[in-house]
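Q: One structure coming up, written as structure tokens, with questions to follow.
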Amino acid sequence: MNNSDSGQDSQEEKPFAIPKQIKDLRACQYCGLLLTLEQWNKITQCLNGCSADQTKIFSGIICVMKPSKSWVIKKLGNSKNIHPGLYAIDVQAE
């Protein structure tokens, strides 16, 4: 970490929500956050504050490391308060 990184936003200091395995991935139907079924069962709502259900019908995966600096997040029109992690590009309800 260099000195220029010391002024990071609090959202970029959040830990990554990386799935432990690629088997049984589920996406939040609202924001597309990808976690395993086991990880979803351990939390009461999406890490982004969504109360949306999860789905296993999704396509494409992107990794978001620094949400406030991600051009992909800006193009997708997602919130600046998004949690770092893996996201589905296209999500469909079951």
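Labeling convention for the structure tokens: chains A, B, ... as they appear, residues from 1 per chain, ligands from 1 in order of appearance.
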Residues near segment 90-92 of chain A, anyone? I mean within 7 Å using only C-alpha atoms, not counting same-chain ones fewer than 2 positions away, as a PDB file with N, CA and C atoms, in the first residue's frame.

A:
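Output saved as around-v9.pdb:
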ATOM      1  N   GLN A  29     -30.980 -11.395  -6.534  1.00  0.00           N
ATOM      2  CA  GLN A  29     -31.822 -11.003  -7.668  1.00  0.00           C
ATOM      3  C   GLN A  29     -31.827  -9.502  -7.902  1.00  0.00           C
ATOM      4  N   GLY A  32     -27.007  -8.813  -7.926  1.00  0.00           N
ATOM      5  CA  GLY A  32     -26.180  -9.785  -8.614  1.00  0.00           C
ATOM      6  C   GLY A  32     -25.001 -10.326  -7.814  1.00  0.00           C
ATOM      7  N   ILE A  57     -30.071 -18.794 -11.511  1.00  0.00           N
ATOM      8  CA  ILE A  57     -30.154 -18.518 -12.952  1.00  0.00           C
ATOM      9  C   ILE A  57     -29.476 -17.167 -13.223  1.00  0.00           C
ATOM     10  N   PHE A  58     -28.229 -17.251 -13.655  1.00  0.00           N
ATOM     11  CA  PHE A  58     -27.466 -16.041 -13.968  1.00  0.00           C
ATOM     12  C   PHE A  58     -26.437 -16.386 -15.035  1.00  0.00           C
ATOM     13  N   SER A  59     -25.887 -15.348 -15.663  1.00  0.00           N
ATOM     14  CA  SER A  59     -24.821 -15.563 -16.639  1.00  0.00           C
ATOM     15  C   SER A  59     -23.757 -14.494 -16.468  1.00  0.00           C
ATOM     16  N   GLY A  60     -22.538 -14.872 -16.765  1.00  0.00           N
ATOM     17  CA  GLY A  60     -21.414 -13.952 -16.690  1.00  0.00           C
ATOM     18  C   GLY A  60     -21.027 -13.620 -15.267  1.00  0.00           C
ATOM     19  N   ALA A  88     -22.838 -11.342 -10.815  1.00  0.00           N
ATOM     20  CA  ALA A  88     -23.378 -11.860 -12.061  1.00  0.00           C
ATOM     21  C   ALA A  88     -23.697 -10.688 -12.972  1.00  0.00           C
ATOM     22  N   GLU A  94     -36.126 -16.994 -10.505  1.00  0.00           N
ATOM     23  CA  GLU A  94     -36.500 -18.413 -10.698  1.00  0.00           C
ATOM     24  C   GLU A  94     -37.979 -18.564 -10.820  1.00  0.00           C
TER      25      GLU A  94
END

Q: Please provide as a list of chain:residue names all residues within 12 Å of Cys46 of chain A, with the sequence filter that same-chain residues fewer than 3 positions apart are discarded (counting only C-alpha atoms).

A: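 With the cut-off at 12 Å, the set is A:Ala17, A:Arg26, A:Ala27, A:Cys28, A:Gln29, A:Tyr30, A:Cys31, A:Gly32, A:Leu33, A:Leu34, A:Leu35, A:Gln39, A:Trp40, A:Asn41, A:Lys42, A:Ile43, A:Gly49, A:Cys50, A:Ser51, A:Ala52, A:Asp53, A:Gln54, A:Ile82, A:His83, A:Gly85.
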
Q: Would you work out the distance separating atom CA of Ser70 of chain A from atom CA of Gln45 of chain A, expressed in Å to one decimal?

A: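 Atom-to-atom, atom CA of Ser70 of chain A and atom CA of Gln45 of chain A are spaced 23.7 Å apart.
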
Q: Using Å and a single decimal, report how far atom CA of Pro67 of chain A sits from atom CA of Thr36 of chain A.

A: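 Result for atom CA of Thr36 of chain A versus atom CA of Pro67 of chain A: 21.1 Å, one decimal.
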